[in-house]
Amino acid sequence: MLERIHPFPFRTRKLSSPRLMVLHGRLCGRVGSCQAFMPPAKAGGFFLVFGLRRCQYLDNKVCGKICIEAKGDPMKQQLRSFWGWGLADETLPEAYISGFKSMVQLAFGLNSLDEAPAPQLIELSLRPSRIVLPSALKSFCTNETYDRAGHTYGKSFRDMARAINRVFDNPPDYVAYPSTEEEIAVLMSFCAEQRIALIPYGGGSSVVGGVEQPGGNQYKGSISCDMMKFNNIIRVHEKSRTARIQAGIYGPALEAGLKPFGLTIRHFPQSFEFSTLGGWIATRAGGHFATLYTHIDEFVQSLRLITPKGIIETRELPSSGDGPDANRFFMGSEGIFGIITEATVRLQNIPTIKASALVKFTGEKAAIEATRRISQAGLNPANARLISAMESFSMGIGNGTDTVLLLGFESHDHDQEPKLRRALSLCREGGGVWNESDVSIRKGNEAAAPEASERWKTNFLRAPYIRNTLVRCGIITETFETVTTWDNVDTFHPGVMSAAEQAMRKTCGKGIIMWRFTHIYPDGPVIYYTVIAPGKRGDEVSQWDSIKAAVSDAIIAHHGPITHHHAVGRDHQPWFEKQCSPVFMSVLQGIKSNLDPDWMLNPGVLIRRPSGTSR
């Protein structure tokens with residue numbers, strides 16, 4: 001019997017409101033004409049979307065779907081901030097902002113935190129475009145200020161700090177919005193012939209310089225390639241639990257499109273709201289879940305990408321033993337080999353059976369040991385987030401002295417309480433304590449998650465937004481993450497903490513460092529650090545660069561990788577080169593030269609061009 005194959009069944013219809021499309025009461029996922037988001041409670045109960053406008057154009061009724069309406073040119077996401085995280089008109093609760101600012105003032109002995117005004121488009125005077133486009137490209141390329149400014153940077157602290165200081169000295173000359181593979185091929189040919197850099201953009205959420213334009217005069221100009229029009233779910237195979245999906249689709253639209261089938265990709269990075277499937281694959285993005293399916297790698301069944309040499313497409317198979325895995329080779333290549341246009345991804349049934357708890361430990365070492373035992377017990381929790389005392393306090397779930405472990409188990413099929421109870425017994429043996437009010441056993445949707453757990457989720461998603469405010473206040477706030485083995489934690493973790501603390505004291509006079517385990521493997525944890533320090537107005541970027549260099553050196557010295565899930569980009573490239581085998585580096589450079597002889601795809605990201613190979 002043949003498997004039922006479902007092409008994406010929804011059809012759009014235009015309504016009276018200009019440049020807004022909806023789907024007969026369902027979510028369209030169209031970015032640029034309409035990017036609609038499911039409310040978080042209907043999308044797995046985890047993600048929170050702040051302040052989005054509700055669509056009121058469905059038969060003159062409120063359809064209940066949260067939409068972003070693009071005003072003006074349909075290629076623009078007009079409500080996306082061109083300089084900071086999230087939406088241009090985003091607002092957080094005033095009490096939350098005031099509380100966080102008060103905490104920072106108290107920590108650094110500051111009388112006040114004065115916010116610099118956010119940059120406005122009218123203030124920007126971008127250099128003229130250096131490129132003359134052929135007629136074949138004019139229909140899907142633009143050099144409008146909004147588009148060029150919004151594609152100048154990613155979303156790291158150094159990106160935002162430069163934007164706050166009105167430094168937009170290296171914007172792309174044009175932003176391309178292709179809608180077909182043929183347009184991408186024409187664009188690549190033009191860039192190769194004219195010595196123009198082509199930068200795949202994804203959702204632009206890179207925090208490592210992954211979407212920034214190359215500097216210097218090696219290229220005549222640069223074009224940022226935004227894949228937002230590649231935003232369709234092509235087909236769903238219910239029996240195999242896979243779906244063929246275009247790479248430019250954003251996380252919320254992807255999940256909403258799968259929900260009618262009772263399926264989910266279940267990959268939720270913190271950038272989920274503003275990142276794309278293709279971006280996740282190109283950067284080997286890590287998701288929220290702590291074990292088993294920690295990276296996008298596990299969900300990719302096949303890929304299709306356009307290279308300067310032609311199309312590469314892998315087969316849709318559960319597994320294969322025929323040579324090196326091409327899928328895994330292109331995952332993490334960060335756009336230097338080609339532009340991903342489609343992927344077939346493995347799906348899961350939406351979990352409905354959940355068990356969670358919040359456990360407190362008076363000592364860090366005991367908490368780390370309990371977490372190790374859980375990681376090696378075969379329980380495979382969906383969430384096992386160990387949070388330092390300072391960070392748990394800042395997130396409203398701790399008292400400032402206890403280390404907190406958030407545990408969670410999920411399934412669509414079987415009871416999760418036995419797994420949770422076993423994990424709690426391991427915590428108890430290590431001195432962990434909890435209140436029964438912080439334990440939740442849910443089957444279906446009849447019970448809410450514990451208040452502390454929900455508070456963490458809310459504040460976790462607010463964190464990128466609060467950074468917009470702190471950067472405007474001259475506060476350095478940034479993260480870095482890495483991974484080590486359990487037998488190296490006792491040396492690695494204090495070494496990295498010490499390096500960060502010394503660098504902040506030397507550069508800023510003082511600072512705070514917080515940490516958490518985001519993922520746990522049987523052989524070691526992922527440690528995610530957050531630093532906050534008072535910056536000097538106008539000098540914040542160089543101050544952060546000094547701190548970042550010190551902690552990066554410490555990570556490499558203590559045998560950790562420069563990143564676990566943030567990718568390499570431009571910012572991490574020097575340290576990636578230090579940790580990478582010279583022979584393997586030459587292999588990457590050779591493949592790059594073969595697929596992209598002119599080195600015009602995202603030059604300077606991940607690997608350097610060998611000297612003596614310039615055209």
# chains A, B, ... in the order shown; residues from 1 in each chain; ligands from 1
$ residues_around --residues "Pro574 of chain A" --least-positions-apart "6" --cutoff "10 Å" --atoms "only C-alpha atoms" --output "count of residues only"
7
$ select_by_dssp --residues "segment 428-614 of chain A" --states "helix (DSSP H, G or I)" --output "MDAnalysis selection string"
chainID A and resid 428:429 436:438 451:472 486:508 540:557 573:579 582:595
$ closest_residue --among "A:Leu126, A:Val175, A:Ala550, A:Cys580" --to "Cys141 of chain A" --atoms "only C-alpha atoms"
A:Val175
$ closest_residue --among "A:Asp226, A:Asp545, A:Glu410, A:Glu436" --to "Pro178 of chain A" --atoms "only C-alpha atoms"
A:Asp226
$ residues_around --residues "Lys506 of chain A" --least-positions-apart "6" --cutoff "10 Å" --atoms "only C-alpha atoms" --output "VMD selection string"
chain A and resid 500 543 546 to 547
$ write_last_selection --atoms "C-alpha atoms" --output "mmCIF file, in the first residue's frame"
data_model
loop_
_atom_site.group_PDB
_atom_site.id
_atom_site.type_symbol
_atom_site.label_atom_id
_atom_site.label_comp_id
_atom_site.auth_asym_id
_atom_site.auth_seq_id
_atom_site.Cartn_x
_atom_site.Cartn_y
_atom_site.Cartn_z
ATOM 1 C CA ALA A 500 36.381 35.937 32.283
ATOM 2 C CA GLN A 543 36.118 46.281 25.605
ATOM 3 C CA SER A 546 39.227 42.087 24.848
ATOM 4 C CA ILE A 547 37.033 40.035 27.180
#
$ closest_atom_pairs --of "segment 327-439 of chain A" --to "segment 282-287 of chain A" --cutoff "6 Å" --atoms "only C-alpha atoms" --output "tab-separated table"
residue	atom	partner	partner_atom	distance
A:Met331	CA	A:Ala282	CA	5.1
A:Gly332	CA	A:Thr283	CA	4.4
A:Ser333	CA	A:Ala282	CA	5.6
A:Glu334	CA	A:Ala282	CA	4.6
$ closest_residue --among "A:Leu254, A:Ala107, A:Leu277, A:Leu470" --to "Ile513 of chain A" --atoms "only C-alpha atoms"
A:Ala107
$ closest_residue --among "A:Asn217, A:Arg505, A:Gly335, A:Ile475" --to "Thr307 of chain A" --atoms "only C-alpha atoms"
A:Gly335
$ closest_atom_pairs --of "segment 235-294 of chain A" --to "segment 376-391 of chain A" --cutoff "8 Å" --atoms "only C-alpha atoms" --output "JSON lines"
{"residue": "A:His288", "atom": "CA", "partner": "A:Asn383", "partner_atom": "CA", "distance": 7.6}
{"residue": "A:Phe289", "atom": "CA", "partner": "A:Ala382", "partner_atom": "CA", "distance": 4.9}
{"residue": "A:Ala290", "atom": "CA", "partner": "A:Asn383", "partner_atom": "CA", "distance": 5.0}
{"residue": "A:Thr291", "atom": "CA", "partner": "A:Asn380", "partner_atom": "CA", "distance": 5.5}
{"residue": "A:Leu292", "atom": "CA", "partner": "A:Asn380", "partner_atom": "CA", "distance": 6.6}
$ residues_around --residues "Gly363 of chain A" --least-positions-apart "2" --cutoff "10 Å" --atoms "only C-alpha atoms" --output "compact mmCIF listing (two decimals) with all heavy atoms, in the first residue's frame"
# COMPACT_ATOMS: atom_id res chain seq x y z
N LYS A 360 16.67 22.21 43.96
CA LYS A 360 17.67 23.16 44.44
C LYS A 360 18.79 22.42 45.17
O LYS A 360 18.55 21.46 45.89
CB LYS A 360 17.02 24.19 45.36
CG LYS A 360 15.98 25.05 44.67
CD LYS A 360 15.34 26.06 45.63
CE LYS A 360 14.30 26.91 44.91
NZ LYS A 360 13.66 27.89 45.83
N PHE A 361 20.02 22.91 44.95
CA PHE A 361 21.21 22.37 45.61
C PHE A 361 21.95 23.51 46.30
O PHE A 361 22.08 24.61 45.75
CB PHE A 361 22.15 21.73 44.59
CG PHE A 361 21.61 20.52 43.89
CD1 PHE A 361 20.78 20.65 42.77
CD2 PHE A 361 21.92 19.25 44.34
CE1 PHE A 361 20.29 19.55 42.11
CE2 PHE A 361 21.43 18.12 43.68
CZ PHE A 361 20.61 18.27 42.58
N LYS A 365 29.11 21.78 43.29
CA LYS A 365 29.72 20.50 42.96
C LYS A 365 28.72 19.36 43.09
O LYS A 365 28.68 18.44 42.25
CB LYS A 365 30.94 20.24 43.84
CG LYS A 365 32.14 21.10 43.46
CD LYS A 365 33.40 20.66 44.21
CE LYS A 365 34.61 21.45 43.74
NZ LYS A 365 35.87 21.00 44.43
N ALA A 366 27.89 19.41 44.12
CA ALA A 366 26.88 18.37 44.29
C ALA A 366 25.86 18.43 43.16
O ALA A 366 25.40 17.38 42.65
CB ALA A 366 26.18 18.54 45.63
N ALA A 367 25.50 19.63 42.73
CA ALA A 367 24.55 19.78 41.64
C ALA A 367 25.13 19.24 40.33
O ALA A 367 24.44 18.56 39.56
CB ALA A 367 24.16 21.25 41.49
N ILE A 368 26.38 19.54 40.08
CA ILE A 368 27.04 19.05 38.86
C ILE A 368 27.14 17.53 38.87
O ILE A 368 26.89 16.87 37.85
CB ILE A 368 28.44 19.70 38.72
CG1 ILE A 368 28.30 21.19 38.42
CG2 ILE A 368 29.25 19.01 37.62
CD1 ILE A 368 29.60 21.96 38.45
N SER A 388 23.26 28.39 37.52
CA SER A 388 24.02 28.93 38.65
C SER A 388 23.14 29.77 39.56
O SER A 388 22.07 30.25 39.16
CB SER A 388 25.20 29.77 38.15
OG SER A 388 24.74 30.95 37.51
N ALA A 389 23.60 29.96 40.78
CA ALA A 389 22.81 30.70 41.77
C ALA A 389 22.49 32.12 41.29
O ALA A 389 21.35 32.60 41.42
CB ALA A 389 23.56 30.74 43.10
N THR A 401 21.56 31.91 46.28
CA THR A 401 22.59 31.05 46.89
C THR A 401 22.51 29.60 46.40
O THR A 401 23.51 28.89 46.40
CB THR A 401 22.47 31.06 48.43
OG1 THR A 401 21.16 30.61 48.80
CG2 THR A 401 22.68 32.48 48.96
N ASP A 402 21.34 29.15 45.99
CA ASP A 402 21.17 27.77 45.54
C ASP A 402 21.40 27.64 44.04
O ASP A 402 21.01 28.51 43.25
CB ASP A 402 19.75 27.27 45.85
CG ASP A 402 19.50 27.12 47.34
OD1 ASP A 402 20.48 26.99 48.09
OD2 ASP A 402 18.32 27.15 47.75
N THR A 403 22.02 26.53 43.65
CA THR A 403 22.10 26.15 42.25
C THR A 403 20.82 25.38 41.91
O THR A 403 20.39 24.51 42.66
CB THR A 403 23.33 25.27 41.99
OG1 THR A 403 24.51 25.97 42.43
CG2 THR A 403 23.48 24.95 40.52
N VAL A 404 20.21 25.70 40.78
CA VAL A 404 18.88 25.18 40.45
C VAL A 404 18.98 24.25 39.23
O VAL A 404 19.63 24.58 38.24
CB VAL A 404 17.91 26.33 40.16
CG1 VAL A 404 16.58 25.80 39.63
CG2 VAL A 404 17.68 27.17 41.42
N GLY A 430 22.20 13.32 45.96
CA GLY A 430 23.22 14.36 45.89
C GLY A 430 22.90 15.58 46.72
O GLY A 430 23.58 16.61 46.60
N GLY A 431 21.87 15.53 47.54
CA GLY A 431 21.53 16.65 48.41
C GLY A 431 20.51 17.60 47.83
O GLY A 431 20.25 18.66 48.42
N GLY A 432 19.92 17.25 46.71
CA GLY A 432 18.91 18.12 46.11
C GLY A 432 17.60 18.08 46.86
O GLY A 432 17.20 17.04 47.40
$ residues_around --residues "Ser98 of chain A" --least-positions-apart "5" --cutoff "12 Å" --atoms "only C-alpha atoms" --output "PDB file with N, CA and C atoms, in the first residue's frame"
ATOM      1  N   LEU A  92       8.559  45.424  26.504  1.00  0.00           N
ATOM      2  CA  LEU A  92       8.504  44.477  27.609  1.00  0.00           C
ATOM      3  C   LEU A  92       7.787  45.135  28.782  1.00  0.00           C
ATOM      4  N   PRO A  93       7.310  44.345  29.716  1.00  0.00           N
ATOM      5  CA  PRO A  93       6.676  44.938  30.897  1.00  0.00           C
ATOM      6  C   PRO A  93       7.624  45.900  31.604  1.00  0.00           C
ATOM      7  N   MET A 103      18.861  45.858  39.316  1.00  0.00           N
ATOM      8  CA  MET A 103      19.826  44.832  39.681  1.00  0.00           C
ATOM      9  C   MET A 103      21.208  45.174  39.145  1.00  0.00           C
ATOM     10  N   VAL A 104      21.275  45.666  37.919  1.00  0.00           N
ATOM     11  CA  VAL A 104      22.558  46.034  37.319  1.00  0.00           C
ATOM     12  C   VAL A 104      23.149  47.243  38.039  1.00  0.00           C
ATOM     13  N   GLN A 105      22.316  48.232  38.347  1.00  0.00           N
ATOM     14  CA  GLN A 105      22.805  49.406  39.077  1.00  0.00           C
ATOM     15  C   GLN A 105      23.376  49.005  40.434  1.00  0.00           C
ATOM     16  N   SER A 112      22.482  55.652  38.143  1.00  0.00           N
ATOM     17  CA  SER A 112      21.414  55.599  37.146  1.00  0.00           C
ATOM     18  C   SER A 112      21.926  54.877  35.910  1.00  0.00           C
ATOM     19  N   LEU A 113      20.989  54.508  35.067  1.00  0.00           N
ATOM     20  CA  LEU A 113      21.314  53.935  33.759  1.00  0.00           C
ATOM     21  C   LEU A 113      20.581  54.754  32.708  1.00  0.00           C
ATOM     22  N   ILE A 466      15.801  42.209  26.562  1.00  0.00           N
ATOM     23  CA  ILE A 466      16.341  43.083  27.605  1.00  0.00           C
ATOM     24  C   ILE A 466      17.736  43.563  27.230  1.00  0.00           C
ATOM     25  N   THR A 469      17.861  46.955  25.682  1.00  0.00           N
ATOM     26  CA  THR A 469      17.856  48.051  26.650  1.00  0.00           C
ATOM     27  C   THR A 469      19.222  48.243  27.275  1.00  0.00           C
ATOM     28  N   LEU A 470      19.853  47.147  27.699  1.00  0.00           N
ATOM     29  CA  LEU A 470      21.143  47.268  28.389  1.00  0.00           C
ATOM     30  C   LEU A 470      22.226  47.814  27.471  1.00  0.00           C
TER      31      LEU A 470
END
$ residues_around --residues "Leu263 of chain A" --least-positions-apart "6" --cutoff "6 Å" --atoms "only C-alpha atoms" --output "ChimeraX atom specification"
/A:348-350
$ write_last_selection --atoms "N, CA and C atoms" --output "PDB file, in the first residue's frame"
ATOM      1  N   GLN A 348       8.443  14.564  14.680  1.00  0.00           N
ATOM      2  CA  GLN A 348       7.996  13.796  15.830  1.00  0.00           C
ATOM      3  C   GLN A 348       6.527  14.128  16.102  1.00  0.00           C
ATOM      4  N   ASN A 349       5.833  13.225  16.758  1.00  0.00           N
ATOM      5  CA  ASN A 349       4.496  13.559  17.235  1.00  0.00           C
ATOM      6  C   ASN A 349       4.597  14.608  18.332  1.00  0.00           C
ATOM      7  N   ILE A 350       3.635  15.502  18.351  1.00  0.00           N
ATOM      8  CA  ILE A 350       3.647  16.551  19.365  1.00  0.00           C
ATOM      9  C   ILE A 350       3.500  15.919  20.747  1.00  0.00           C
TER      10      ILE A 350
END
$ atom_distance --atom1 "atom CA of Ser224 of chain A" --atom2 "atom CA of Phe272 of chain A"
21.1 Å
$ closest_residue --among "A:Gly400, A:Arg422, A:Gly524, A:Pro119" --to "Asp490 of chain A" --atoms "only C-alpha atoms"
A:Gly524
$ closest_residue --among "A:Val167, A:Ala343, A:Val489, A:Ala88" --to "Arg235 of chain A" --atoms "only C-alpha atoms"
A:Ala343
$ residues_around --residues "Cys508 of chain A" --least-positions-apart "4" --cutoff "12 Å" --atoms "only C-alpha atoms" --output "PyMOL selection string"
chain A and resi 108+474-476+500-504+512+531-537+539-547
$ write_last_selection --atoms "N, CA, C and O atoms" --output "mmCIF file, in the first residue's frame"
data_model
loop_
_atom_site.group_PDB
_atom_site.id
_atom_site.type_symbol
_atom_site.label_atom_id
_atom_site.label_comp_id
_atom_site.auth_asym_id
_atom_site.auth_seq_id
_atom_site.Cartn_x
_atom_site.Cartn_y
_atom_site.Cartn_z
ATOM 1 N N PHE A 108 26.803 47.197 40.148
ATOM 2 C CA PHE A 108 27.946 47.994 39.713
ATOM 3 C C PHE A 108 28.050 49.351 40.407
ATOM 4 O O PHE A 108 28.901 50.175 40.068
ATOM 5 N N GLY A 474 24.781 51.375 27.776
ATOM 6 C CA GLY A 474 26.234 51.272 27.843
ATOM 7 C C GLY A 474 26.723 50.073 28.627
ATOM 8 O O GLY A 474 27.885 50.026 29.033
ATOM 9 N N ILE A 475 25.869 49.104 28.856
ATOM 10 C CA ILE A 475 26.237 47.902 29.602
ATOM 11 C C ILE A 475 26.648 46.806 28.614
ATOM 12 O O ILE A 475 25.935 46.518 27.651
ATOM 13 N N ILE A 476 27.807 46.223 28.849
ATOM 14 C CA ILE A 476 28.260 45.094 28.040
ATOM 15 C C ILE A 476 27.535 43.849 28.531
ATOM 16 O O ILE A 476 27.635 43.477 29.700
ATOM 17 N N ALA A 500 37.397 34.925 32.552
ATOM 18 C CA ALA A 500 36.381 35.937 32.283
ATOM 19 C C ALA A 500 36.371 37.012 33.367
ATOM 20 O O ALA A 500 36.287 38.218 33.073
ATOM 21 N N GLU A 501 36.457 36.591 34.620
ATOM 22 C CA GLU A 501 36.447 37.550 35.724
ATOM 23 C C GLU A 501 37.656 38.478 35.666
ATOM 24 O O GLU A 501 37.531 39.700 35.851
ATOM 25 N N GLN A 502 38.834 37.922 35.405
ATOM 26 C CA GLN A 502 40.039 38.752 35.306
ATOM 27 C C GLN A 502 39.943 39.723 34.139
ATOM 28 O O GLN A 502 40.339 40.896 34.251
ATOM 29 N N ALA A 503 39.413 39.250 33.004
ATOM 30 C CA ALA A 503 39.301 40.122 31.834
ATOM 31 C C ALA A 503 38.330 41.268 32.086
ATOM 32 O O ALA A 503 38.575 42.406 31.676
ATOM 33 N N MET A 504 37.223 40.990 32.776
ATOM 34 C CA MET A 504 36.258 42.053 33.073
ATOM 35 C C MET A 504 36.850 43.072 34.039
ATOM 36 O O MET A 504 36.660 44.280 33.871
ATOM 37 N N ILE A 512 29.992 40.789 36.161
ATOM 38 C CA ILE A 512 29.282 39.614 36.676
ATOM 39 C C ILE A 512 29.371 38.520 35.631
ATOM 40 O O ILE A 512 29.237 38.781 34.430
ATOM 41 N N VAL A 531 28.050 37.196 30.548
ATOM 42 C CA VAL A 531 28.820 38.233 31.236
ATOM 43 C C VAL A 531 28.083 39.559 31.126
ATOM 44 O O VAL A 531 27.479 39.881 30.105
ATOM 45 N N ILE A 532 28.117 40.315 32.207
ATOM 46 C CA ILE A 532 27.539 41.654 32.261
ATOM 47 C C ILE A 532 28.567 42.555 32.921
ATOM 48 O O ILE A 532 29.079 42.232 34.003
ATOM 49 N N ALA A 533 28.890 43.665 32.266
ATOM 50 C CA ALA A 533 29.919 44.563 32.804
ATOM 51 C C ALA A 533 29.612 45.998 32.377
ATOM 52 O O ALA A 533 29.007 46.221 31.326
ATOM 53 N N PRO A 534 30.023 46.977 33.195
ATOM 54 C CA PRO A 534 29.807 48.375 32.810
ATOM 55 C C PRO A 534 30.776 48.775 31.697
ATOM 56 O O PRO A 534 31.995 48.587 31.811
ATOM 57 N N GLY A 535 30.237 49.267 30.602
ATOM 58 C CA GLY A 535 31.074 49.665 29.477
ATOM 59 C C GLY A 535 31.357 51.152 29.457
ATOM 60 O O GLY A 535 30.711 51.937 30.166
ATOM 61 N N LYS A 536 32.315 51.523 28.657
ATOM 62 C CA LYS A 536 32.656 52.931 28.456
ATOM 63 C C LYS A 536 32.019 53.384 27.153
ATOM 64 O O LYS A 536 32.220 52.772 26.111
ATOM 65 N N ARG A 537 31.222 54.433 27.217
ATOM 66 C CA ARG A 537 30.486 54.895 26.053
ATOM 67 C C ARG A 537 31.425 55.086 24.851
ATOM 68 O O ARG A 537 32.440 55.761 24.934
ATOM 69 N N ASP A 539 33.286 52.901 23.534
ATOM 70 C CA ASP A 539 34.400 51.951 23.541
ATOM 71 C C ASP A 539 33.939 50.539 23.887
ATOM 72 O O ASP A 539 34.754 49.662 24.132
ATOM 73 N N GLU A 540 32.627 50.332 23.899
ATOM 74 C CA GLU A 540 32.093 49.047 24.351
ATOM 75 C C GLU A 540 32.547 47.886 23.478
ATOM 76 O O GLU A 540 32.804 46.787 23.979
ATOM 77 N N VAL A 541 32.653 48.107 22.174
ATOM 78 C CA VAL A 541 33.018 47.011 21.272
ATOM 79 C C VAL A 541 34.431 46.524 21.543
ATOM 80 O O VAL A 541 34.685 45.322 21.652
ATOM 81 N N SER A 542 35.369 47.450 21.666
ATOM 82 C CA SER A 542 36.756 47.035 21.931
ATOM 83 C C SER A 542 36.879 46.406 23.312
ATOM 84 O O SER A 542 37.681 45.476 23.515
ATOM 85 N N GLN A 543 36.087 46.897 24.276
ATOM 86 C CA GLN A 543 36.118 46.281 25.605
ATOM 87 C C GLN A 543 35.630 44.832 25.535
ATOM 88 O O GLN A 543 36.248 43.927 26.105
ATOM 89 N N TRP A 544 34.517 44.607 24.845
ATOM 90 C CA TRP A 544 34.019 43.239 24.715
ATOM 91 C C TRP A 544 35.005 42.368 23.936
ATOM 92 O O TRP A 544 35.225 41.211 24.288
ATOM 93 N N ASP A 545 35.594 42.916 22.905
ATOM 94 C CA ASP A 545 36.559 42.139 22.125
ATOM 95 C C ASP A 545 37.714 41.658 23.003
ATOM 96 O O ASP A 545 38.201 40.528 22.840
ATOM 97 N N SER A 546 38.142 42.479 23.941
ATOM 98 C CA SER A 546 39.227 42.087 24.848
ATOM 99 C C SER A 546 38.781 40.956 25.774
ATOM 100 O O SER A 546 39.518 39.996 26.010
ATOM 101 N N ILE A 547 37.567 41.092 26.306
ATOM 102 C CA ILE A 547 37.033 40.035 27.180
ATOM 103 C C ILE A 547 36.853 38.747 26.393
ATOM 104 O O ILE A 547 37.239 37.653 26.836
#
$ atom_distance --atom1 "atom CA of Ile520 of chain A" --atom2 "atom CA of Leu258 of chain A"
28.0 Å
